[in-house]
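Asker: Provided herewith: entry.cif, mmCIF, C-alpha atoms.
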```cif
data_upload
#
loop_
_atom_site.group_PDB
_atom_site.id
_atom_site.type_symbol
_atom_site.label_atom_id
_atom_site.label_comp_id
_atom_site.auth_asym_id
_atom_site.auth_seq_id
_atom_site.Cartn_x
_atom_site.Cartn_y
_atom_site.Cartn_z
ATOM 1 C CA MET Z 1 39.069 12.489 -62.916
ATOM 2 C CA SER Z 2 40.311 12.664 -59.336
ATOM 3 C CA ILE Z 3 43.924 11.880 -58.491
ATOM 4 C CA PHE Z 4 43.029 9.959 -55.354
ATOM 5 C CA SER Z 5 40.518 7.170 -55.416
ATOM 6 C CA LYS Z 6 37.962 6.951 -52.659
ATOM 7 C CA PRO Z 7 38.817 4.419 -49.957
ATOM 8 C CA LYS Z 8 36.600 1.429 -49.701
ATOM 9 C CA TYR Z 9 34.871 0.853 -46.358
ATOM 10 C CA SER Z 10 33.445 -2.370 -45.139
ATOM 11 C CA THR Z 11 30.789 -2.462 -42.443
ATOM 12 C CA VAL Z 12 30.709 -5.133 -39.814
ATOM 13 C CA GLN Z 13 27.489 -5.631 -37.860
ATOM 14 C CA VAL Z 14 28.316 -5.929 -34.198
ATOM 15 C CA LYS Z 15 25.668 -7.404 -32.009
ATOM 16 C CA LYS Z 16 24.988 -5.510 -28.841
ATOM 17 C CA LYS Z 17 25.839 -7.597 -25.804
ATOM 18 C CA ASP Z 18 22.707 -8.612 -24.015
ATOM 19 C CA ILE Z 19 22.321 -6.772 -20.719
ATOM 20 C CA PRO Z 20 20.507 -8.842 -18.087
ATOM 21 C CA THR Z 21 17.146 -7.355 -17.167
ATOM 22 C CA GLY Z 22 15.802 -7.051 -13.655
ATOM 23 C CA LEU Z 23 19.148 -6.109 -12.086
ATOM 24 C CA TRP Z 24 18.694 -2.358 -11.752
ATOM 25 C CA THR Z 25 15.956 0.105 -10.788
ATOM 26 C CA LYS Z 26 15.813 3.818 -11.554
ATOM 27 C CA CYS Z 27 14.801 6.219 -8.795
ATOM 28 C CA PRO Z 28 11.820 8.214 -10.136
ATOM 29 C CA GLU Z 29 12.867 11.219 -8.079
ATOM 30 C CA THR Z 30 16.563 11.626 -8.903
ATOM 31 C CA GLY Z 31 17.162 9.263 -11.816
ATOM 32 C CA GLU Z 32 19.732 7.388 -9.752
ATOM 33 C CA ILE Z 33 20.287 3.781 -10.873
ATOM 34 C CA ILE Z 34 20.274 1.295 -8.014
ATOM 35 C CA PHE Z 35 21.245 -2.360 -7.883
ATOM 36 C CA ASN Z 36 18.017 -4.278 -7.101
ATOM 37 C CA LYS Z 37 19.653 -6.416 -4.440
ATOM 38 C CA GLU Z 38 20.806 -3.283 -2.612
ATOM 39 C CA LEU Z 39 17.302 -1.810 -2.897
ATOM 40 C CA GLU Z 40 15.708 -4.952 -1.473
ATOM 41 C CA GLN Z 41 18.197 -5.076 1.393
ATOM 42 C CA ASN Z 42 17.267 -1.463 2.184
ATOM 43 C CA TRP Z 43 13.543 -2.366 2.391
ATOM 44 C CA MET Z 44 12.823 -0.875 -1.062
ATOM 45 C CA VAL Z 45 14.003 2.568 0.029
ATOM 46 C CA VAL Z 46 16.496 4.404 -2.217
ATOM 47 C CA PRO Z 47 19.553 5.059 0.014
ATOM 48 C CA LYS Z 48 20.344 8.619 -1.176
ATOM 49 C CA SER Z 49 16.963 10.148 -2.038
ATOM 50 C CA GLU Z 50 15.052 7.960 0.476
ATOM 51 C CA TYR Z 51 12.311 7.472 -2.079
ATOM 52 C CA HIS Z 52 9.982 4.712 -0.816
ATOM 53 C CA PHE Z 53 9.070 2.143 -3.463
ATOM 54 C CA PRO Z 54 5.976 -0.034 -2.892
ATOM 55 C CA LEU Z 55 6.635 -3.029 -0.663
ATOM 56 C CA LYS Z 56 5.006 -6.445 -1.018
ATOM 57 C CA ALA Z 57 2.521 -7.191 1.754
ATOM 58 C CA ARG Z 58 4.305 -10.287 3.062
ATOM 59 C CA ARG Z 59 7.632 -8.466 3.212
ATOM 60 C CA ARG Z 60 6.025 -5.633 5.170
ATOM 61 C CA ILE Z 61 4.549 -8.123 7.629
ATOM 62 C CA GLU Z 62 8.046 -9.598 8.089
ATOM 63 C CA LEU Z 63 9.367 -6.125 8.924
ATOM 64 C CA LEU Z 64 6.566 -5.218 11.357
ATOM 65 C CA ILE Z 65 5.569 -8.446 13.102
ATOM 66 C CA ASP Z 66 7.887 -10.362 15.450
ATOM 67 C CA ASP Z 67 9.456 -13.497 13.981
ATOM 68 C CA GLY Z 68 7.347 -16.617 14.323
ATOM 69 C CA THR Z 69 4.275 -14.856 15.731
ATOM 70 C CA PHE Z 70 2.228 -14.096 12.596
ATOM 71 C CA GLU Z 71 -0.822 -16.259 11.994
ATOM 72 C CA GLU Z 72 -2.611 -15.584 8.725
ATOM 73 C CA HIS Z 73 -6.419 -15.597 8.641
ATOM 74 C CA ASP Z 74 -8.976 -15.731 5.807
ATOM 75 C CA ALA Z 75 -6.299 -16.740 3.297
ATOM 76 C CA ASP Z 76 -8.736 -18.678 1.105
ATOM 77 C CA LEU Z 77 -11.233 -15.879 0.421
ATOM 78 C CA VAL Z 78 -11.512 -15.262 -3.324
ATOM 79 C CA SER Z 79 -13.578 -12.691 -5.239
ATOM 80 C CA GLY Z 80 -16.446 -13.925 -7.392
ATOM 81 C CA ASP Z 81 -17.698 -12.320 -10.586
ATOM 82 C CA PRO Z 82 -21.403 -11.676 -9.903
ATOM 83 C CA LEU Z 83 -21.594 -8.915 -12.540
ATOM 84 C CA GLU Z 84 -19.819 -11.011 -15.200
ATOM 85 C CA PHE Z 85 -17.821 -7.869 -15.871
ATOM 86 C CA THR Z 86 -15.610 -7.390 -18.916
ATOM 87 C CA ASP Z 87 -13.508 -4.340 -19.722
ATOM 88 C CA SER Z 88 -10.416 -4.954 -21.861
ATOM 89 C CA LYS Z 89 -10.622 -8.540 -20.588
ATOM 90 C CA PRO Z 90 -13.037 -10.583 -18.448
ATOM 91 C CA TYR Z 91 -12.750 -9.990 -14.705
ATOM 92 C CA THR Z 92 -12.132 -13.704 -14.116
ATOM 93 C CA VAL Z 93 -9.119 -13.566 -16.454
ATOM 94 C CA ARG Z 94 -7.810 -10.405 -14.789
ATOM 95 C CA MET Z 95 -8.076 -12.044 -11.365
ATOM 96 C CA THR Z 96 -6.339 -15.235 -12.515
ATOM 97 C CA GLN Z 97 -3.477 -13.242 -14.040
ATOM 98 C CA ALA Z 98 -3.066 -11.161 -10.859
ATOM 99 C CA GLN Z 99 -3.039 -14.311 -8.728
ATOM 100 C CA GLU Z 100 -0.410 -15.957 -10.934
ATOM 101 C CA LYS Z 101 1.723 -12.805 -10.991
ATOM 102 C CA THR Z 102 1.670 -12.147 -7.233
ATOM 103 C CA GLY Z 103 1.073 -15.583 -5.722
ATOM 104 C CA GLU Z 104 -1.751 -14.069 -3.654
ATOM 105 C CA LYS Z 105 -5.517 -14.681 -3.737
ATOM 106 C CA ASP Z 106 -6.378 -10.971 -3.458
ATOM 107 C CA ALA Z 107 -4.981 -7.557 -2.579
ATOM 108 C CA VAL Z 108 -4.771 -7.820 1.219
ATOM 109 C CA ILE Z 109 -3.159 -10.162 3.744
ATOM 110 C CA SER Z 110 -4.594 -10.235 7.251
ATOM 111 C CA GLY Z 111 -3.838 -12.014 10.487
ATOM 112 C CA THR Z 112 -2.685 -11.698 14.070
ATOM 113 C CA GLY Z 113 0.748 -11.520 15.629
ATOM 114 C CA LYS Z 114 2.937 -9.569 17.991
ATOM 115 C CA LEU Z 115 4.601 -6.242 17.321
ATOM 116 C CA SER Z 116 7.513 -5.777 19.737
ATOM 117 C CA GLY Z 117 5.790 -8.253 22.046
ATOM 118 C CA GLN Z 118 2.350 -6.631 21.863
ATOM 119 C CA PRO Z 119 -0.562 -8.570 20.298
ATOM 120 C CA VAL Z 120 -2.161 -6.918 17.252
ATOM 121 C CA SER Z 121 -4.617 -7.702 14.496
ATOM 122 C CA ILE Z 122 -3.124 -6.501 11.215
ATOM 123 C CA ALA Z 123 -4.134 -6.182 7.567
ATOM 124 C CA VAL Z 124 -1.665 -5.158 4.851
ATOM 125 C CA MET Z 125 -2.668 -4.166 1.326
ATOM 126 C CA ASP Z 126 -0.521 -5.122 -1.676
ATOM 127 C CA PHE Z 127 -0.446 -2.633 -4.576
ATOM 128 C CA SER Z 128 0.977 -5.230 -6.964
ATOM 129 C CA PHE Z 129 -2.425 -6.996 -6.988
ATOM 130 C CA ILE Z 130 -4.625 -4.965 -9.393
ATOM 131 C CA GLY Z 131 -3.438 -1.731 -7.765
ATOM 132 C CA ALA Z 132 -4.704 -2.950 -4.366
ATOM 133 C CA SER Z 133 -8.181 -2.031 -5.557
ATOM 134 C CA MET Z 134 -10.858 -2.597 -2.926
ATOM 135 C CA GLY Z 135 -13.259 -5.333 -3.909
ATOM 136 C CA SER Z 136 -15.547 -7.424 -1.733
ATOM 137 C CA VAL Z 137 -12.754 -9.709 -0.507
ATOM 138 C CA VAL Z 138 -10.500 -6.789 0.472
ATOM 139 C CA GLY Z 139 -13.347 -5.164 2.411
ATOM 140 C CA GLU Z 140 -14.323 -8.454 4.040
ATOM 141 C CA LYS Z 141 -10.789 -9.316 5.144
ATOM 142 C CA ILE Z 142 -10.203 -5.856 6.592
ATOM 143 C CA THR Z 143 -13.573 -5.973 8.369
ATOM 144 C CA ARG Z 144 -12.734 -9.374 9.835
ATOM 145 C CA ALA Z 145 -9.319 -8.077 10.950
ATOM 146 C CA ILE Z 146 -11.108 -5.269 12.815
ATOM 147 C CA GLU Z 147 -13.626 -7.698 14.334
ATOM 148 C CA ARG Z 148 -10.754 -9.969 15.354
ATOM 149 C CA GLY Z 149 -9.285 -7.053 17.274
ATOM 150 C CA LEU Z 150 -12.637 -6.716 19.023
ATOM 151 C CA GLU Z 151 -12.758 -10.426 19.889
ATOM 152 C CA GLN Z 152 -9.194 -10.577 21.141
ATOM 153 C CA LYS Z 153 -9.314 -7.099 22.709
ATOM 154 C CA CYS Z 154 -6.155 -5.974 20.913
ATOM 155 C CA PRO Z 155 -5.196 -2.993 18.727
ATOM 156 C CA VAL Z 156 -5.794 -3.055 14.975
ATOM 157 C CA ILE Z 157 -3.290 -1.867 12.355
ATOM 158 C CA VAL Z 158 -4.113 -1.524 8.653
ATOM 159 C CA VAL Z 159 -1.347 -0.700 6.182
ATOM 160 C CA CYS Z 160 -3.111 0.997 3.274
ATOM 161 C CA ALA Z 161 -2.114 1.193 -0.387
ATOM 162 C CA SER Z 162 -4.750 1.472 -3.089
ATOM 163 C CA GLY Z 163 -5.879 3.102 -6.273
ATOM 164 C CA GLY Z 164 -9.470 2.945 -5.004
ATOM 165 C CA ALA Z 165 -12.559 0.786 -5.386
ATOM 166 C CA ARG Z 166 -12.506 -2.159 -7.819
ATOM 167 C CA MET Z 167 -14.765 -1.070 -10.666
ATOM 168 C CA GLN Z 168 -15.266 -4.658 -11.874
ATOM 169 C CA GLU Z 169 -17.387 -5.297 -8.767
ATOM 170 C CA GLY Z 170 -19.495 -2.152 -9.095
ATOM 171 C CA ILE Z 171 -21.676 -1.277 -6.096
ATOM 172 C CA LEU Z 172 -20.345 -4.301 -4.188
ATOM 173 C CA SER Z 173 -16.944 -2.623 -3.981
ATOM 174 C CA LEU Z 174 -18.445 0.681 -2.832
ATOM 175 C CA MET Z 175 -20.340 -1.106 -0.052
ATOM 176 C CA GLN Z 176 -16.982 -2.030 1.508
ATOM 177 C CA MET Z 177 -16.476 1.608 2.487
ATOM 178 C CA ALA Z 178 -19.536 1.500 4.748
ATOM 179 C CA LYS Z 179 -18.812 -2.006 6.034
ATOM 180 C CA THR Z 180 -15.229 -1.272 7.138
ATOM 181 C CA SER Z 181 -16.245 2.085 8.639
ATOM 182 C CA ALA Z 182 -19.040 0.472 10.663
ATOM 183 C CA ALA Z 183 -16.612 -2.137 12.024
ATOM 184 C CA LEU Z 184 -14.216 0.624 13.068
ATOM 185 C CA LYS Z 185 -17.057 2.381 14.918
ATOM 186 C CA ARG Z 186 -17.615 -0.795 16.959
ATOM 187 C CA LEU Z 187 -13.880 -0.983 17.673
ATOM 188 C CA SER Z 188 -13.871 2.635 18.820
ATOM 189 C CA ASP Z 189 -16.923 2.097 21.045
ATOM 190 C CA ALA Z 190 -15.031 -0.746 22.722
ATOM 191 C CA GLY Z 191 -12.139 1.620 23.484
ATOM 192 C CA LEU Z 192 -9.651 -0.305 21.330
ATOM 193 C CA PRO Z 193 -7.081 1.598 19.246
ATOM 194 C CA TYR Z 194 -6.826 1.613 15.472
ATOM 195 C CA ILE Z 195 -3.714 2.827 13.632
ATOM 196 C CA ALA Z 196 -3.821 3.513 9.882
ATOM 197 C CA VAL Z 197 -0.520 3.484 7.979
ATOM 198 C CA LEU Z 198 -0.775 5.190 4.580
ATOM 199 C CA THR Z 199 1.695 4.268 1.855
ATOM 200 C CA ASN Z 200 2.162 5.386 -1.741
ATOM 201 C CA PRO Z 201 -0.467 5.629 -3.144
ATOM 202 C CA THR Z 202 -3.558 5.640 -0.898
ATOM 203 C CA MET Z 203 -6.427 7.013 -2.929
ATOM 204 C CA ALA Z 204 -10.174 7.199 -3.610
ATOM 205 C CA GLY Z 205 -12.569 4.872 -1.752
ATOM 206 C CA VAL Z 206 -9.908 3.501 0.573
ATOM 207 C CA MET Z 207 -8.868 7.003 1.641
ATOM 208 C CA ALA Z 208 -12.555 7.957 1.960
ATOM 209 C CA SER Z 209 -13.152 5.142 4.443
ATOM 210 C CA PHE Z 210 -10.890 3.134 6.763
ATOM 211 C CA ALA Z 211 -7.627 4.856 5.733
ATOM 212 C CA SER Z 212 -8.773 8.169 7.209
ATOM 213 C CA LEU Z 213 -10.447 6.830 10.378
ATOM 214 C CA GLY Z 214 -7.413 5.937 12.475
ATOM 215 C CA ASP Z 215 -6.990 7.083 16.064
ATOM 216 C CA VAL Z 216 -3.521 7.810 14.730
ATOM 217 C CA ILE Z 217 -2.846 8.195 11.006
ATOM 218 C CA ILE Z 218 0.761 7.655 9.941
ATOM 219 C CA ALA Z 219 2.122 8.079 6.414
ATOM 220 C CA GLU Z 220 5.366 7.148 4.738
ATOM 221 C CA PRO Z 221 7.366 10.067 3.267
ATOM 222 C CA LYS Z 222 6.182 11.592 -0.014
ATOM 223 C CA ALA Z 223 3.245 9.207 -0.368
ATOM 224 C CA LEU Z 224 0.420 10.253 -2.706
ATOM 225 C CA ILE Z 225 -2.732 10.464 -0.593
ATOM 226 C CA GLY Z 226 -6.153 11.740 -1.574
ATOM 227 C CA PHE Z 227 -9.568 11.034 -3.047
ATOM 228 C CA ALA Z 228 -9.446 12.094 -6.699
ATOM 229 C CA GLY Z 229 -6.171 12.417 -8.584
ATOM 230 C CA PRO Z 230 -4.481 15.820 -9.025
ATOM 231 C CA ARG Z 231 -5.291 15.955 -12.763
ATOM 232 C CA VAL Z 232 -9.019 15.408 -12.135
ATOM 233 C CA ILE Z 233 -9.080 18.030 -9.379
ATOM 234 C CA LYS Z 234 -7.257 20.570 -11.537
ATOM 235 C CA GLU Z 235 -9.640 20.026 -14.457
ATOM 236 C CA THR Z 236 -12.678 20.248 -12.162
ATOM 237 C CA THR Z 237 -11.632 23.364 -10.239
ATOM 238 C CA GLN Z 238 -9.851 25.055 -13.166
ATOM 239 C CA GLN Z 239 -7.136 26.111 -10.727
ATOM 240 C CA ASP Z 240 -3.431 25.404 -10.426
ATOM 241 C CA LEU Z 241 -2.655 23.160 -7.480
ATOM 242 C CA PRO Z 242 -0.041 23.995 -4.821
ATOM 243 C CA ASP Z 243 3.381 22.347 -4.957
ATOM 244 C CA GLY Z 244 3.389 18.959 -3.269
ATOM 245 C CA PHE Z 245 -0.406 18.755 -3.388
ATOM 246 C CA GLN Z 246 -1.684 15.443 -1.917
ATOM 247 C CA SER Z 247 1.738 14.425 -0.627
ATOM 248 C CA SER Z 248 2.223 13.214 2.940
ATOM 249 C CA GLU Z 249 4.071 16.427 3.761
ATOM 250 C CA PHE Z 250 1.273 18.616 2.360
ATOM 251 C CA LEU Z 251 -1.382 16.749 4.358
ATOM 252 C CA LEU Z 252 0.681 16.817 7.564
ATOM 253 C CA SER Z 253 1.028 20.599 7.346
ATOM 254 C CA ARG Z 254 -2.767 20.858 7.181
ATOM 255 C CA GLY Z 255 -3.522 18.432 9.994
ATOM 256 C CA LEU Z 256 -5.010 15.644 7.871
ATOM 257 C CA ILE Z 257 -2.465 13.082 9.050
ATOM 258 C CA ASP Z 258 -0.643 12.865 12.378
ATOM 259 C CA GLN Z 259 2.896 11.743 11.583
ATOM 260 C CA ILE Z 260 5.268 10.965 8.742
ATOM 261 C CA VAL Z 261 7.478 7.995 9.569
ATOM 262 C CA HIS Z 262 10.373 6.540 7.571
ATOM 263 C CA ARG Z 263 9.942 2.856 6.750
ATOM 264 C CA HIS Z 264 13.066 1.966 8.733
ATOM 265 C CA GLU Z 265 11.529 3.519 11.838
ATOM 266 C CA MET Z 266 7.961 2.284 11.386
ATOM 267 C CA LYS Z 267 8.030 -0.713 13.732
ATOM 268 C CA THR Z 268 9.659 1.282 16.532
ATOM 269 C CA ARG Z 269 7.118 4.099 16.149
ATOM 270 C CA LEU Z 270 4.155 1.726 16.096
ATOM 271 C CA ALA Z 271 5.459 -0.022 19.218
ATOM 272 C CA SER Z 272 5.757 3.355 20.948
ATOM 273 C CA LEU Z 273 2.172 4.260 20.018
ATOM 274 C CA LEU Z 274 0.865 0.894 21.195
ATOM 275 C CA ASN Z 275 2.627 1.435 24.529
ATOM 276 C CA ALA Z 276 1.030 4.870 24.825
ATOM 277 C CA PHE Z 277 -2.425 3.445 24.110
ATOM 278 C CA LYS Z 278 -1.852 0.644 26.597
ATOM 279 C CA SER Z 279 -0.759 3.091 29.270
ATOM 280 C CA GLY Z 280 -3.775 5.341 28.583
ATOM 281 C CA CYS Z 281 -6.194 2.399 28.776
ATOM 282 C CA ALA Z 282 -4.663 1.265 32.076
ATOM 283 C CA LYS Z 283 -5.077 4.734 33.596
ATOM 284 C CA SER Z 284 -8.661 5.083 32.415
ATOM 285 C CA ALA Z 285 -9.479 1.672 33.874
#
```
Let me see the structure of the file written as structure tokens.
Answerer:
Amino acid sequence: MSIFSKPKYSTVQVKKKDIPTGLWTKCPETGEIIFNKELEQNWMVVPKSEYHFPLKARRRIELLIDDGTFEEHDADLVSGDPLEFTDSKPYTVRMTQAQEKTGEKDAVISGTGKLSGQPVSIAVMDFSFIGASMGSVVGEKITRAIERGLEQKCPVIVVCASGGARMQEGILSLMQMAKTSAALKRLSDAGLPYIAVLTNPTMAGVMASFASLGDVIIAEPKALIGFAGPRVIKETTQQDLPDGFQSSEFLLSRGLIDQIVHRHEMKTRLASLLNAFKSGCAKSA
């Protein structure tokens, strides 16, 4: 028998205080935790690491196009479901959910406006809409944006972000590669400039078509750019890939893109390029 009796402990269940969600974002590069409001004010760029998060299409248009000058076109175009495609869910359900989540009809916004006083036709892809996959509506809106540049005799800018073609539309999505490329050939024949801006990620069918056909190709820092993903390439070639493979910096060093431009400097750089094109056209005339 022990001299001292064991003390009696009582346990009290303490409820963890609820922490509000949606207030903070973690930088995937450094692990830094950032207040969402600060991140939004900094155009979705992490202040210390300068990691560029995806940016909604309408916000990007606000940052690039002069206030009060943007006129949206083709806003009512909506994808059909000619294949009656179902993967984990019917395509019609997937589209409805994406539209409710983003408030957009599809993965690209197009229109005309002025960039630092210069008229442009612009199309901006939105990765939050089914990974900015390229279906028939995306291809059609980008083609019309290019043709609008032809009609109005102004430069065309496309801000690209995509995981590739939209598999739910099958061959119809793949046809958009040829359609957009043909429109760009007509723009080039008319002597009008086209600038492609590649953001993270720009992959597959989009990169294999209009994203790689710019007179000038600009990329944001550390964007993933390529056709197939690194894992697929490694498994196919059975070789280790170089550090930074398919990053903006890797492609710039090999001449596949022309410039890497920080998001904060993008409008100024685009304005400078448009001025250079304008000056070159005037001299040639």
Asker: Using Å and a single decimal, report how far CA of Gly113 (chain Z) sits from CA of Gly68 (chain Z).
Answerer: 8.4 Å
Asker: Name the residues in contact with Val78 (chain Z) at a cut-off of 9 Å, using only C-alpha atoms, excluding same-chain residues fewer than 6 positions from it; report them as a PyMOL selection string.
Answerer: chain Z and resi 105-106+136-137
Asker: Please provide as a ChimeraX atom specification all residues within 9 Å of region 37-53 of chain Z, with the sequence filter that same-chain residues fewer than 5 positions apart are discarded (counting all atoms listed in the file).
Answerer: /Z:23-25,27-30,32,59-60,63,199-200,220-223,262-264
Asker: Filtering to C-alpha atoms, could you give me those residues as a PDB file, keeping the file's coordinate frame?
Answerer:
```pdb
ATOM      1  CA  LEU Z  23      19.148  -6.109 -12.086  1.00  0.00           C
ATOM      2  CA  TRP Z  24      18.694  -2.358 -11.752  1.00  0.00           C
ATOM      3  CA  THR Z  25      15.956   0.105 -10.788  1.00  0.00           C
ATOM      4  CA  CYS Z  27      14.801   6.219  -8.795  1.00  0.00           C
ATOM      5  CA  PRO Z  28      11.820   8.214 -10.136  1.00  0.00           C
ATOM      6  CA  GLU Z  29      12.867  11.219  -8.079  1.00  0.00           C
ATOM      7  CA  THR Z  30      16.563  11.626  -8.903  1.00  0.00           C
ATOM      8  CA  GLU Z  32      19.732   7.388  -9.752  1.00  0.00           C
ATOM      9  CA  ARG Z  59       7.632  -8.466   3.212  1.00  0.00           C
ATOM     10  CA  ARG Z  60       6.025  -5.633   5.170  1.00  0.00           C
ATOM     11  CA  LEU Z  63       9.367  -6.125   8.924  1.00  0.00           C
ATOM     12  CA  THR Z 199       1.695   4.268   1.855  1.00  0.00           C
ATOM     13  CA  ASN Z 200       2.162   5.386  -1.741  1.00  0.00           C
ATOM     14  CA  GLU Z 220       5.366   7.148   4.738  1.00  0.00           C
ATOM     15  CA  PRO Z 221       7.366  10.067   3.267  1.00  0.00           C
ATOM     16  CA  LYS Z 222       6.182  11.592  -0.014  1.00  0.00           C
ATOM     17  CA  ALA Z 223       3.245   9.207  -0.368  1.00  0.00           C
ATOM     18  CA  HIS Z 262      10.373   6.540   7.571  1.00  0.00           C
ATOM     19  CA  ARG Z 263       9.942   2.856   6.750  1.00  0.00           C
ATOM     20  CA  HIS Z 264      13.066   1.966   8.733  1.00  0.00           C
TER      21      HIS Z 264
END
```
Asker: Could you give me the axis-aligned bounding box of region 45-58 of chain Z, with 4 Å of padding per side, as centre plus edge lengths in Å to one decimal, as lines of an AutoDock Vina configuration file?
Answerer:
```
center_x = 11.4
center_y = -0.1
center_z = -0.2
size_x = 25.8
size_y = 28.4
size_z = 14.5
```
Asker: Do you know which residues are at most 12 Å from Ala107 (chain Z) counting only C-alpha atoms, after dropping those on the same chain fewer than 2 positions away, and could you put them as a count of residues only?
Answerer: 45
Asker: Need to verify the contact set: Thr143 (chain Z), 8 Å, all atoms listed in the file, exclusion of same-chain residues closer than 4 positions in sequence. Can you return it as a PyMOL selection string?
Answerer: chain Z and resi 139+147+179-180+183
Asker: May I ask which of the residues Z:Arg144, Z:Glu265, Z:Lys153, Z:Ile218 is the closest one to Ser188 (chain Z), counting only C-alpha atoms?
Answerer: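 Looking only at the distances to Ser188 (chain Z), the closest residue turns out to be Z:Lys153.
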Asker: For a quick check of understanding, using only C-alpha atoms, which of Z:Pro82, Z:Pro54, Z:Gly111, Z:Gly117 has the smallest distance to Thr268 (chain Z)?
Answerer: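 Of Z:Pro82, Z:Pro54, Z:Gly111, Z:Gly117, the one nearest Thr268 (chain Z) is Z:Gly117, counting only C-alpha atoms.
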Asker: Would you translate the PyMOL selection byres ((chain Z and resi 206-212) around 7) into the concrete set of residues it matches in this file, as a compact mmCIF listing (two decimals) with C-alpha atoms, keeping the file's coordinate frame?
Answerer:
```txt
# COMPACT_ATOMS: atom_id res chain seq x y z
CA CYS Z 160 -3.11 1.00 3.27
CA SER Z 162 -4.75 1.47 -3.09
CA GLY Z 164 -9.47 2.94 -5.00
CA MET Z 177 -16.48 1.61 2.49
CA THR Z 180 -15.23 -1.27 7.14
CA SER Z 181 -16.24 2.08 8.64
CA ALA Z 196 -3.82 3.51 9.88
CA LEU Z 198 -0.78 5.19 4.58
CA THR Z 202 -3.56 5.64 -0.90
CA MET Z 203 -6.43 7.01 -2.93
CA ALA Z 204 -10.17 7.20 -3.61
CA GLY Z 205 -12.57 4.87 -1.75
CA LEU Z 213 -10.45 6.83 10.38
CA GLY Z 214 -7.41 5.94 12.48
CA GLY Z 226 -6.15 11.74 -1.57
CA PHE Z 227 -9.57 11.03 -3.05
```
Asker: My list of candidates is Z:Val261, Z:Leu224, Z:Ile171, Z:Val120. Which is closest to Leu150 (chain Z) when distances are computed with all atoms listed in the file?
Answerer: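 Counting all atoms listed in the file, the residue closest to Leu150 (chain Z) is Z:Val120.
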Asker: Quick one: distance from CA of Glu71 (chain Z) to CA of Thr92 (chain Z) in Å, one decimal?
Answerer: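 One can read the CA of Glu71 (chain Z) to CA of Thr92 (chain Z) distance as 28.6 Å.
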Asker: Taking the file as I've supplied it (selection: the PyMOL selection byres ((chain Z and resi 149) around 9)), which residues are included? Please answer as a PyMOL selection string.
Answerer: chain Z and resi 112+120-122+144-148+150-156+187+192
Asker: As an exercise, work out the distance from CA of Met266 (chain Z) to CA of Glu72 (chain Z) in Å and give it to one decimal place.
Answerer: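 Straight-line distance from CA of Met266 (chain Z) to CA of Glu72 (chain Z) works out to 20.9 Å.
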Asker: Extract, using only C-alpha atoms, all DNA, RNA and protein residues at most 7 Å from Asp66 (chain Z), discarding same-chain residues fewer than 6 positions from it, and format them as a VMD selection string.
Answerer: chain Z and resid 114 to 116
Asker: Find the residue from Z:Gly22, Z:Gly80, Z:Pro230, Z:Pro193 that sits nearest to Ile157 (chain Z); use all atoms listed in the file when measuring.
Answerer: Z:Pro193
